[in-house]
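Here is the structure we will look at, set down as structure tokens.
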Amino acid sequence: GPFVKSTAGYRIVALINSTGQLYWFGKLSDQGSTVEAELVAFPTEERVAEVATAGHYMLALSEGGEVYSWGKNSGNTCELGYESSSAQSVPKLIENLAGKGIKQISAGIRHAVCSDCPLPERGVTSLAVPSSIPAEYSALKEVSCRALHARLLLLN
């Protein structure tokens, strides 16, 4: 099916299609070759709901709320969610998060956040239309407040 979600990290791009399959391309380590559009094989048949990339690793969140990680584990720093000094080439379930009903994931260079807080409804936002552009943002003074609001919604 068509791609419905995407994310990009340091040297990684990941795409989820409408059937919950995850594809990626790029490089997960300093060594090795660049991968050209590869379907990620998961240990279970779960559909992927979200993906996060950063540095040299990736996280995937299944529709069932399980979190998987793979990539380089830099010097036993536990970026992948389990103690290991070696790289993980295929997605591995993060056992400490199993059954927790995770709903959101985010990845940073040497950290990740996995949250069980519900996602906001699509299209619902707390951003209001600004009434004026602050003086320190002089480059935006020619942009209408309505246009700025629309751009903030797009980025949110």
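Ordering of the structure tokens sets the chain letters (A, B, ...), residue numbers begin anew at 1 in every chain, and ligands are numbered from 1 in the order given.
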If we count only C-alpha atoms and set the cut-off at 8 Å, which residues sit around Glu36 of chain A, ignoring sequence neighbours fewer than 3 positions away in its own chain? Please answer as a count of residues only. 3
Report as a ChimeraX atom specification all protein, DNA and RNA residues lying within 12 Å of Ala112 of chain A, evaluated on only C-alpha atoms, omitting residues in the same chain fewer than 3 positions from it. /A:51-55,57-60,67-69,77-81,104-109,115
Interatomic distance (Å, one decimal) between atom CA of Asp116 of chain A and atom CA of Glu95 of chain A: 15.3 Å
Within 12 Å of Tyr23 of chain A, counting only C-alpha atoms, which residues qualify if same-chain residues fewer than 6 places away don't, as a VMD selection string? chain A and resid 1 to 8 12 to 17 35 to 42 48 50 to 51 58 60
